[in-house]
$ cat input-v6.csv   # CSV, C-alpha atoms
chain,number,residue,atom,x,y,z
B,1,MET,CA,19.3,27.9,46.7
B,2,GLU,CA,18.7,27.4,43.0
B,3,LYS,CA,20.0,29.9,40.5
B,4,GLU,CA,17.3,32.1,39.0
B,5,PRO,CA,17.2,32.0,35.2
B,6,SER,CA,18.5,35.0,33.4
B,7,ASN,CA,16.4,37.0,31.0
B,8,LYS,CA,18.5,35.4,28.2
B,9,GLU,CA,17.7,31.9,29.4
B,10,GLU,CA,14.0,32.7,29.7
B,11,ALA,CA,13.9,34.1,26.2
B,12,LYS,CA,15.6,30.9,24.9
B,13,ASP,CA,13.0,28.8,26.7
B,14,ASN,CA,10.2,30.8,25.2
B,15,GLU,CA,11.7,30.5,21.7
B,16,CYS,CA,11.7,26.7,22.1
B,17,LEU,CA,8.1,26.7,23.0
B,18,ALA,CA,7.2,29.0,20.0
B,19,LYS,CA,9.1,27.0,17.4
B,20,LEU,CA,9.0,23.3,16.3
B,21,PRO,CA,12.3,21.5,17.0
B,22,ARG,CA,14.1,20.7,13.7
B,23,ILE,CA,14.0,17.0,14.4
B,24,PHE,CA,10.2,17.0,14.0
B,25,VAL,CA,10.1,19.0,10.8
B,26,HIS,CA,8.8,16.9,8.0
B,27,ASP,CA,10.8,17.7,4.8
B,28,LYS,CA,8.2,16.1,2.5
B,29,ILE,CA,5.1,17.7,4.0
B,30,ASP,CA,4.1,19.2,0.6
B,31,GLN,CA,4.0,15.7,-0.9
B,32,GLU,CA,1.7,14.4,1.8
B,33,LYS,CA,-1.0,17.0,1.9
B,34,LYS,CA,-4.1,15.5,3.4
B,35,SER,CA,-7.4,15.6,1.6
B,36,ARG,CA,-10.6,16.6,3.3
B,37,ASN,CA,-12.8,14.7,0.9
B,38,GLY,CA,-16.2,14.8,2.6
B,39,ARG,CA,-17.8,12.3,0.2
B,40,LEU,CA,-15.2,9.6,0.8
B,41,GLN,CA,-15.1,10.4,4.6
B,42,SER,CA,-18.8,9.7,4.9
B,43,SER,CA,-18.3,6.4,3.0
B,44,ILE,CA,-15.9,4.8,5.5
B,45,PRO,CA,-17.8,1.7,6.7
B,46,VAL,CA,-19.4,1.7,10.2
B,47,ILE,CA,-20.4,-1.8,11.3
B,48,GLY,CA,-22.6,-2.7,14.3
B,49,LEU,CA,-21.5,-5.9,15.8
B,50,GLU,CA,-25.1,-6.9,16.8
B,51,GLY,CA,-27.5,-7.9,14.1
B,52,SER,CA,-27.6,-9.8,10.8
B,53,GLU,CA,-25.5,-9.6,7.7
B,54,ILE,CA,-22.4,-8.6,9.7
B,55,THR,CA,-20.1,-11.0,7.8
B,56,ASP,CA,-21.1,-9.5,4.4
B,57,GLN,CA,-20.4,-6.0,5.8
B,58,VAL,CA,-17.0,-7.0,7.1
B,59,ARG,CA,-16.1,-8.6,3.7
B,60,ASP,CA,-17.1,-5.5,1.8
B,61,ALA,CA,-15.2,-3.2,4.2
B,62,CYS,CA,-12.0,-5.3,4.0
B,63,GLU,CA,-12.1,-5.5,0.2
B,64,ARG,CA,-12.9,-1.8,-0.5
B,65,TRP,CA,-11.2,0.0,2.4
B,66,GLY,CA,-9.0,-2.2,4.6
B,67,ILE,CA,-10.3,0.0,7.5
B,68,PHE,CA,-13.7,0.4,9.2
B,69,GLN,CA,-15.3,1.4,12.4
B,70,VAL,CA,-17.3,-0.8,14.8
B,71,VAL,CA,-20.1,0.1,17.2
B,72,ASN,CA,-22.0,-2.1,19.7
B,73,HIS,CA,-18.6,-3.8,20.3
B,74,GLY,CA,-19.2,-4.6,24.0
B,75,ILE,CA,-16.5,-2.4,25.5
B,76,PRO,CA,-18.1,0.0,28.0
B,77,ASP,CA,-17.8,3.8,27.4
B,78,ARG,CA,-16.5,4.0,31.0
B,79,THR,CA,-13.6,1.7,30.2
B,80,MET,CA,-12.6,3.5,27.1
B,81,ASP,CA,-12.8,6.9,28.8
B,82,LYS,CA,-10.7,5.7,31.7
B,83,MET,CA,-8.1,4.3,29.3
B,84,LEU,CA,-7.7,7.6,27.5
B,85,GLU,CA,-7.6,9.4,30.8
B,86,GLY,CA,-4.9,7.1,32.1
B,87,ILE,CA,-2.6,7.7,29.1
B,88,ARG,CA,-3.1,11.4,29.4
B,89,MET,CA,-2.3,11.4,33.1
B,90,PHE,CA,0.9,9.5,32.6
B,91,ARG,CA,2.1,11.6,29.7
B,92,GLU,CA,1.5,14.9,31.5
B,93,GLN,CA,3.6,13.9,34.5
B,94,ASP,CA,6.9,15.6,35.1
B,95,PRO,CA,9.7,14.1,33.0
B,96,GLU,CA,11.6,13.2,36.1
B,97,ILE,CA,8.8,10.9,37.2
B,98,LYS,CA,8.1,9.1,33.9
B,99,GLY,CA,11.8,9.2,32.7
B,100,ASP,CA,12.7,6.1,34.7
B,101,TYR,CA,10.4,4.1,32.4
B,102,TYR,CA,11.8,5.3,29.1
B,103,THR,CA,13.8,2.8,27.0
B,104,ARG,CA,14.4,1.8,23.4
B,105,ASP,CA,15.0,-1.8,24.3
B,106,PHE,CA,11.8,-3.3,22.8
B,107,THR,CA,12.6,-6.7,24.2
B,108,ARG,CA,11.3,-5.5,27.5
B,109,ASN,CA,7.7,-6.2,28.4
B,110,VAL,CA,7.3,-2.5,29.3
B,111,ALA,CA,9.0,0.0,27.0
B,112,TYR,CA,7.5,3.2,28.4
B,113,TYR,CA,4.9,2.7,31.0
B,114,SER,CA,3.4,4.3,34.1
B,115,ASN,CA,3.7,4.1,37.8
B,116,TYR,CA,0.0,4.6,38.5
B,117,ASP,CA,-2.9,2.2,38.9
B,118,LEU,CA,-2.8,-0.3,36.1
B,119,ASP,CA,-6.2,-1.9,36.7
B,120,ILE,CA,-7.8,0.0,33.7
B,121,MET,CA,-5.0,-1.3,31.4
B,122,VAL,CA,-5.8,-4.9,32.4
B,123,GLU,CA,-9.5,-4.4,32.1
B,124,TYR,CA,-9.2,-2.7,28.7
B,125,SER,CA,-6.9,-5.5,27.4
B,126,LYS,CA,-9.4,-8.2,28.3
B,127,PHE,CA,-12.1,-6.4,26.3
B,128,VAL,CA,-9.8,-5.8,23.4
B,129,MET,CA,-8.7,-9.5,23.2
B,130,GLY,CA,-12.4,-10.6,23.2
B,131,LEU,CA,-13.2,-8.1,20.4
B,132,GLY,CA,-10.2,-9.1,18.4
B,133,GLU,CA,-11.2,-12.8,18.5
B,134,LYS,CA,-14.7,-11.8,17.4
B,135,LEU,CA,-13.4,-9.7,14.5
B,136,LEU,CA,-11.0,-12.5,13.4
B,137,GLY,CA,-14.0,-14.9,13.4
B,138,LEU,CA,-16.0,-12.5,11.2
B,139,VAL,CA,-13.0,-12.1,8.8
B,140,SER,CA,-12.6,-15.9,8.6
B,141,GLU,CA,-16.3,-16.3,7.8
B,142,SER,CA,-16.2,-13.6,5.2
B,143,LEU,CA,-13.6,-15.6,3.4
B,144,GLY,CA,-15.7,-18.7,3.5
B,145,LEU,CA,-13.7,-20.3,6.3
B,146,GLU,CA,-14.5,-21.8,9.7
B,147,ALA,CA,-15.0,-19.0,12.3
B,148,ARG,CA,-11.8,-20.1,14.2
B,149,HIS,CA,-9.6,-20.4,11.2
B,150,LEU,CA,-7.5,-17.3,11.7
B,151,VAL,CA,-7.4,-17.7,15.5
B,152,ASP,CA,-6.1,-21.3,15.0
B,153,MET,CA,-3.4,-19.9,12.6
B,154,GLY,CA,-2.0,-17.9,15.6
B,155,CYS,CA,-3.5,-14.5,14.7
B,156,MET,CA,-4.4,-14.0,18.3
B,157,GLU,CA,-0.9,-14.5,19.6
B,158,GLY,CA,0.4,-11.4,21.3
B,159,LEU,CA,-1.1,-8.1,22.2
B,160,GLY,CA,0.7,-4.7,22.1
B,161,ILE,CA,-0.8,-1.4,23.4
B,162,ARG,CA,0.5,1.9,22.3
B,163,GLY,CA,-0.6,5.2,23.9
B,164,HIS,CA,0.1,8.1,21.5
B,165,TYR,CA,0.0,11.6,23.0
B,166,TYR,CA,0.5,14.8,21.0
B,167,PRO,CA,0.9,18.1,22.9
B,168,ALA,CA,-0.1,21.3,21.2
B,169,CYS,CA,2.1,22.0,18.2
B,170,PRO,CA,3.4,25.5,17.6
B,171,GLU,CA,3.9,25.0,13.8
B,172,PRO,CA,1.5,22.2,12.7
B,173,GLU,CA,2.0,23.1,9.0
B,174,LEU,CA,5.6,21.8,9.2
B,175,THR,CA,5.0,18.3,10.5
B,176,LEU,CA,2.8,15.3,10.8
B,177,GLY,CA,1.9,13.3,13.9
B,178,ILE,CA,2.9,10.0,12.2
B,179,THR,CA,4.0,9.8,8.5
B,180,ASN,CA,2.3,7.5,6.0
B,181,HIS,CA,2.7,3.9,7.0
B,182,THR,CA,1.1,0.5,7.2
B,183,ASP,CA,0.6,-1.5,10.4
B,184,PHE,CA,2.6,-4.7,10.7
B,185,SER,CA,0.0,-6.4,12.9
B,186,PHE,CA,-2.9,-8.7,12.0
B,187,LEU,CA,-5.4,-6.1,13.4
B,188,THR,CA,-5.1,-2.7,14.9
B,189,ILE,CA,-8.0,-1.6,17.2
B,190,LEU,CA,-7.8,2.1,17.6
B,191,LEU,CA,-9.4,4.1,20.4
B,192,GLN,CA,-9.2,7.7,19.3
B,193,VAL,CA,-10.0,10.9,21.1
B,194,GLN,CA,-12.8,13.0,19.7
B,195,ILE,CA,-10.5,15.6,18.1
B,196,GLY,CA,-9.7,13.2,15.3
B,197,GLY,CA,-6.5,12.7,13.4
B,198,PRO,CA,-6.3,9.2,11.7
B,199,GLN,CA,-6.5,9.1,7.9
B,200,VAL,CA,-6.6,6.4,5.3
B,201,LEU,CA,-5.3,6.4,1.7
B,202,HIS,CA,-8.2,5.4,-0.5
B,203,GLN,CA,-8.4,5.8,-4.3
B,204,ASN,CA,-5.1,7.8,-4.1
B,205,GLU,CA,-6.6,10.3,-1.7
B,206,TRP,CA,-6.0,10.8,2.0
B,207,VAL,CA,-9.4,10.7,3.8
B,208,ASP,CA,-10.1,11.6,7.4
B,209,VAL,CA,-11.5,8.9,9.6
B,210,PRO,CA,-14.4,10.6,11.3
B,211,CYS,CA,-14.8,10.5,15.1
B,212,LEU,CA,-17.9,8.6,16.2
B,213,PRO,CA,-18.6,8.6,19.9
B,214,GLY,CA,-18.2,5.1,21.3
B,215,ALA,CA,-16.8,3.7,18.0
B,216,LEU,CA,-13.4,1.9,17.5
B,217,VAL,CA,-11.4,2.0,14.3
B,218,ILE,CA,-10.3,-1.4,12.9
B,219,ASN,CA,-7.3,-1.5,10.5
B,220,LEU,CA,-6.1,-4.6,8.7
B,221,GLY,CA,-2.3,-4.9,9.1
B,222,ASP,CA,0.5,-6.4,7.0
B,223,LEU,CA,0.4,-9.8,8.7
B,224,MET,CA,-3.3,-10.2,8.0
B,225,GLN,CA,-2.6,-9.6,4.3
B,226,THR,CA,0.3,-12.0,4.3
B,227,SER,CA,-1.8,-14.7,6.0
B,228,PHE,CA,-4.3,-14.4,3.1
B,229,CYS,CA,-1.6,-15.7,0.8
B,230,PHE,CA,-1.5,-19.0,2.6
B,231,LEU,CA,-5.3,-19.6,2.6
$ encode --input "input-v6.csv" --output "structure tokens"
Amino acid sequence: MEKEPSNKEEAKDNECLAKLPRIFVHDKIDQEKKSRNGRLQSSIPVIGLEGSEITDQVRDACERWGIFQVVNHGIPDRTMDKMLEGIRMFREQDPEIKGDYYTRDFTRNVAYYSNYDLDIMVEYSKFVMGLGEKLLGLVSESLGLEARHLVDMGCMEGLGIRGHYYPACPEPELTLGITNHTDFSFLTILLQVQIGGPQVLHQNEWVDVPCLPGALVINLGDLMQTSFCFL
């Protein structure tokens, strides 16, 4: 028979749920207050990948923002919804089940994965790789290069998928989901849930990236900027 928790133990558990653990408290939160600049938010480029003048739109978005959203990208809503559902299902499993997959050894192909049906991960990856190749072609053309220039440079080598999951925070004023950073990749293709969260630093202001149903957020990474130096 398992020992029933004492009132003292129950109170401790409740206190943990009501307070943010110190490890997650962001000491410089006051220096990273986020702006809600509606004017700039509405200016974040949204590019439809069907139609004319796409290359010019991509060039303008890369030069002015370094981040944009794409629609009509060819990835079915069903695939994106199932991908988000799969990440949520895994993250909400009991720790004893998913704990066997936890590691900080990033040389492993799987660092923190799941033990449920992986078909949607494979399906989504194929769509993302196709979209990534198309985007690299548009970026190449926007620079006056052949469409396959960045692909032939090796910018399509490798694919990493990260599934972030943030449970309800008891003290959101003390922390940030992810602190300010740049992505080290060539391109980041972000599928976000409709509650929002991503922000971009533009003209010295933090601007919310709005949630558009069916859209994907595209962010230029450090390797992409580095590759420009050799063009």
$ closest_residue --input "input-v6.csv" --among "B:Thr188, B:Thr79, B:Gln69, B:Thr182" --to "Leu212 of chain B" --atoms "only C-alpha atoms"
B:Gln69
$ atom_distance --input "input-v6.csv" --atom1 "atom CA of Ile195 of chain B" --atom2 "atom CA of Leu40 of chain B"
18.9 Å
$ atom_distance --input "input-v6.csv" --atom1 "atom CA of Arg59 of chain B" --atom2 "atom CA of Leu138 of chain B"
8.5 Å
$ residues_around --input "input-v6.csv" --residues "segment 145-158 of chain B" --least-positions-apart "5" --cutoff "10 Å" --atoms "all atoms listed in the file" --output "PDB file with C-alpha atoms, in the frame of the given file"
ATOM      1  CA  MET B 129      -8.700  -9.500  23.200  1.00  0.00           C
ATOM      2  CA  GLY B 130     -12.400 -10.600  23.200  1.00  0.00           C
ATOM      3  CA  GLY B 132     -10.200  -9.100  18.400  1.00  0.00           C
ATOM      4  CA  GLU B 133     -11.200 -12.800  18.500  1.00  0.00           C
ATOM      5  CA  LYS B 134     -14.700 -11.800  17.400  1.00  0.00           C
ATOM      6  CA  LEU B 135     -13.400  -9.700  14.500  1.00  0.00           C
ATOM      7  CA  LEU B 136     -11.000 -12.500  13.400  1.00  0.00           C
ATOM      8  CA  GLY B 137     -14.000 -14.900  13.400  1.00  0.00           C
ATOM      9  CA  LEU B 138     -16.000 -12.500  11.200  1.00  0.00           C
ATOM     10  CA  VAL B 139     -13.000 -12.100   8.800  1.00  0.00           C
ATOM     11  CA  SER B 140     -12.600 -15.900   8.600  1.00  0.00           C
ATOM     12  CA  SER B 185       0.000  -6.400  12.900  1.00  0.00           C
ATOM     13  CA  PHE B 186      -2.900  -8.700  12.000  1.00  0.00           C
ATOM     14  CA  LEU B 187      -5.400  -6.100  13.400  1.00  0.00           C
ATOM     15  CA  LEU B 223       0.400  -9.800   8.700  1.00  0.00           C
ATOM     16  CA  MET B 224      -3.300 -10.200   8.000  1.00  0.00           C
ATOM     17  CA  SER B 227      -1.800 -14.700   6.000  1.00  0.00           C
ATOM     18  CA  PHE B 228      -4.300 -14.400   3.100  1.00  0.00           C
ATOM     19  CA  LEU B 231      -5.300 -19.600   2.600  1.00  0.00           C
TER      20      LEU B 231
END
$ residues_around --input "input-v6.csv" --residues "Gln203 of chain B" --least-positions-apart "4" --cutoff "10 Å" --atoms "all atoms listed in the file" --output "ChimeraX atom specification"
/B:40,64-65,207
$ atom_distance --input "input-v6.csv" --atom1 "atom CA of Asp100 of chain B" --atom2 "atom CA of Glu123 of chain B"
24.7 Å
$ closest_residue --input "input-v6.csv" --among "B:Val193, B:Val209, B:Leu220, B:Ala215" --to "Arg88 of chain B" --atoms "only C-alpha atoms"
B:Val193
$ closest_residue --input "input-v6.csv" --among "B:Asp119, B:Asp27, B:Glu173, B:Glu85" --to "Gln192 of chain B" --atoms "all atoms listed in the file"
B:Glu85
$ closest_residue --input "input-v6.csv" --among "B:Val25, B:Ile161, B:Ile67, B:Leu201" --to "Met121 of chain B" --atoms "all atoms listed in the file"
B:Ile161
$ residues_around --input "input-v6.csv" --residues "segment 42-47 of chain B" --least-positions-apart "3" --cutoff "8 Å" --atoms "all atoms listed in the file" --output "ChimeraX atom specification"
/B:38-39,54,57-58,61,65,67-71,209-210
$ closest_residue --input "input-v6.csv" --among "B:Val200, B:Glu171, B:Gly144, B:Glu205" --to "Asp56 of chain B" --atoms "only C-alpha atoms"
B:Gly144
$ decode --input "input-v6.csv" --residues "segment 176-190 of chain B" --atoms "all heavy atoms" --output "mmCIF file, in the first residue's frame"
data_model
loop_
_atom_site.group_PDB
_atom_site.id
_atom_site.type_symbol
_atom_site.label_atom_id
_atom_site.label_comp_id
_atom_site.auth_asym_id
_atom_site.auth_seq_id
_atom_site.Cartn_x
_atom_site.Cartn_y
_atom_site.Cartn_z
ATOM 1 N N LEU B 176 10.106 34.536 -19.311
ATOM 2 C CA LEU B 176 9.850 34.514 -20.745
ATOM 3 C C LEU B 176 9.933 33.070 -21.212
ATOM 4 O O LEU B 176 10.696 32.275 -20.661
ATOM 5 C CB LEU B 176 10.889 35.354 -21.497
ATOM 6 C CG LEU B 176 10.923 36.857 -21.211
ATOM 7 C CD1 LEU B 176 12.173 37.472 -21.830
ATOM 8 C CD2 LEU B 176 9.689 37.536 -21.777
ATOM 9 N N GLY B 177 9.158 32.743 -22.246
ATOM 10 C CA GLY B 177 9.239 31.380 -22.787
ATOM 11 C C GLY B 177 10.636 31.092 -23.299
ATOM 12 O O GLY B 177 11.272 30.114 -22.923
ATOM 13 N N ILE B 178 11.129 31.946 -24.172
ATOM 14 C CA ILE B 178 12.498 31.883 -24.673
ATOM 15 C C ILE B 178 13.030 33.312 -24.681
ATOM 16 O O ILE B 178 12.357 34.227 -25.141
ATOM 17 C CB ILE B 178 12.570 31.300 -26.100
ATOM 18 C CG1 ILE B 178 12.045 29.864 -26.125
ATOM 19 C CG2 ILE B 178 13.989 31.329 -26.629
ATOM 20 C CD1 ILE B 178 12.079 29.226 -27.490
ATOM 21 N N THR B 179 14.236 33.511 -24.158
ATOM 22 C CA THR B 179 14.807 34.858 -24.138
ATOM 23 C C THR B 179 15.225 35.279 -25.540
ATOM 24 O O THR B 179 15.232 34.475 -26.479
ATOM 25 C CB THR B 179 16.029 34.908 -23.202
ATOM 26 O OG1 THR B 179 16.991 33.945 -23.644
ATOM 27 C CG2 THR B 179 15.625 34.607 -21.770
ATOM 28 N N ASN B 180 15.600 36.552 -25.686
ATOM 29 C CA ASN B 180 15.959 37.052 -27.018
ATOM 30 C C ASN B 180 17.144 36.268 -27.581
ATOM 31 O O ASN B 180 18.084 35.946 -26.876
ATOM 32 C CB ASN B 180 16.250 38.548 -26.975
ATOM 33 C CG ASN B 180 17.317 38.927 -25.974
ATOM 34 O OD1 ASN B 180 17.929 38.074 -25.355
ATOM 35 N ND2 ASN B 180 17.530 40.206 -25.812
ATOM 36 N N HIS B 181 17.073 35.955 -28.871
ATOM 37 C CA HIS B 181 18.080 35.106 -29.494
ATOM 38 C C HIS B 181 17.964 35.217 -31.010
ATOM 39 O O HIS B 181 17.000 35.772 -31.543
ATOM 40 C CB HIS B 181 17.883 33.639 -29.084
ATOM 41 C CG HIS B 181 16.617 33.046 -29.630
ATOM 42 N ND1 HIS B 181 15.389 33.297 -29.068
ATOM 43 C CD2 HIS B 181 16.387 32.238 -30.697
ATOM 44 C CE1 HIS B 181 14.455 32.663 -29.756
ATOM 45 N NE2 HIS B 181 15.032 32.016 -30.760
ATOM 46 N N THR B 182 18.954 34.695 -31.697
ATOM 47 C CA THR B 182 18.869 34.488 -33.138
ATOM 48 C C THR B 182 18.934 32.997 -33.412
ATOM 49 O O THR B 182 19.523 32.238 -32.640
ATOM 50 C CB THR B 182 20.013 35.202 -33.886
ATOM 51 O OG1 THR B 182 21.272 34.689 -33.407
ATOM 52 C CG2 THR B 182 19.957 36.709 -33.663
ATOM 53 N N ASP B 183 18.325 32.553 -34.508
ATOM 54 C CA ASP B 183 18.395 31.145 -34.891
ATOM 55 C C ASP B 183 19.698 30.894 -35.645
ATOM 56 O O ASP B 183 20.118 31.723 -36.449
ATOM 57 C CB ASP B 183 17.204 30.776 -35.782
ATOM 58 C CG ASP B 183 15.886 30.829 -35.028
ATOM 59 O OD1 ASP B 183 15.908 30.800 -33.785
ATOM 60 O OD2 ASP B 183 14.833 30.903 -35.690
ATOM 61 N N PHE B 184 20.323 29.764 -35.413
ATOM 62 C CA PHE B 184 21.610 29.479 -36.050
ATOM 63 C C PHE B 184 21.450 28.811 -37.407
ATOM 64 O O PHE B 184 22.423 28.590 -38.116
ATOM 65 C CB PHE B 184 22.485 28.598 -35.152
ATOM 66 C CG PHE B 184 21.890 27.248 -34.846
ATOM 67 C CD1 PHE B 184 22.042 26.200 -35.732
ATOM 68 C CD2 PHE B 184 21.194 27.031 -33.667
ATOM 69 C CE1 PHE B 184 21.497 24.954 -35.461
ATOM 70 C CE2 PHE B 184 20.646 25.790 -33.386
ATOM 71 C CZ PHE B 184 20.791 24.750 -34.286
ATOM 72 N N SER B 185 20.233 28.494 -37.812
ATOM 73 C CA SER B 185 19.985 27.742 -39.032
ATOM 74 C C SER B 185 20.001 28.649 -40.265
ATOM 75 O O SER B 185 20.221 29.859 -40.164
ATOM 76 C CB SER B 185 18.616 27.061 -38.932
ATOM 77 O OG SER B 185 17.614 28.059 -38.734
ATOM 78 N N PHE B 186 19.789 28.051 -41.443
ATOM 79 C CA PHE B 186 19.561 28.838 -42.654
ATOM 80 C C PHE B 186 18.158 29.431 -42.619
ATOM 81 O O PHE B 186 17.971 30.629 -42.797
ATOM 82 C CB PHE B 186 19.733 27.974 -43.911
ATOM 83 C CG PHE B 186 21.163 27.625 -44.198
ATOM 84 C CD1 PHE B 186 21.668 26.374 -43.909
ATOM 85 C CD2 PHE B 186 22.006 28.566 -44.764
ATOM 86 C CE1 PHE B 186 22.985 26.055 -44.179
ATOM 87 C CE2 PHE B 186 23.332 28.257 -45.041
ATOM 88 C CZ PHE B 186 23.822 27.000 -44.738
ATOM 89 N N LEU B 187 17.193 28.568 -42.407
ATOM 90 C CA LEU B 187 15.800 28.997 -42.321
ATOM 91 C C LEU B 187 15.116 28.295 -41.157
ATOM 92 O O LEU B 187 15.371 27.114 -40.906
ATOM 93 C CB LEU B 187 15.029 28.649 -43.601
ATOM 94 C CG LEU B 187 15.236 29.468 -44.867
ATOM 95 C CD1 LEU B 187 14.400 28.870 -46.000
ATOM 96 C CD2 LEU B 187 14.843 30.925 -44.653
ATOM 97 N N THR B 188 14.250 29.015 -40.481
ATOM 98 C CA THR B 188 13.349 28.408 -39.505
ATOM 99 C C THR B 188 11.937 28.525 -40.051
ATOM 100 O O THR B 188 11.499 29.615 -40.430
ATOM 101 C CB THR B 188 13.421 29.109 -38.145
ATOM 102 O OG1 THR B 188 14.729 28.943 -37.596
ATOM 103 C CG2 THR B 188 12.410 28.517 -37.171
ATOM 104 N N ILE B 189 11.241 27.405 -40.108
ATOM 105 C CA ILE B 189 9.838 27.388 -40.513
ATOM 106 C C ILE B 189 9.022 27.076 -39.273
ATOM 107 O O ILE B 189 9.091 25.971 -38.737
ATOM 108 C CB ILE B 189 9.588 26.355 -41.627
ATOM 109 C CG1 ILE B 189 10.427 26.699 -42.870
ATOM 110 C CG2 ILE B 189 8.108 26.289 -41.990
ATOM 111 C CD1 ILE B 189 10.326 25.668 -43.988
ATOM 112 N N LEU B 190 8.283 28.051 -38.793
ATOM 113 C CA LEU B 190 7.598 27.936 -37.508
ATOM 114 C C LEU B 190 6.101 27.733 -37.696
ATOM 115 O O LEU B 190 5.419 28.538 -38.324
ATOM 116 C CB LEU B 190 7.841 29.198 -36.669
ATOM 117 C CG LEU B 190 7.075 29.291 -35.346
ATOM 118 C CD1 LEU B 190 7.484 28.169 -34.406
ATOM 119 C CD2 LEU B 190 7.283 30.646 -34.693
#
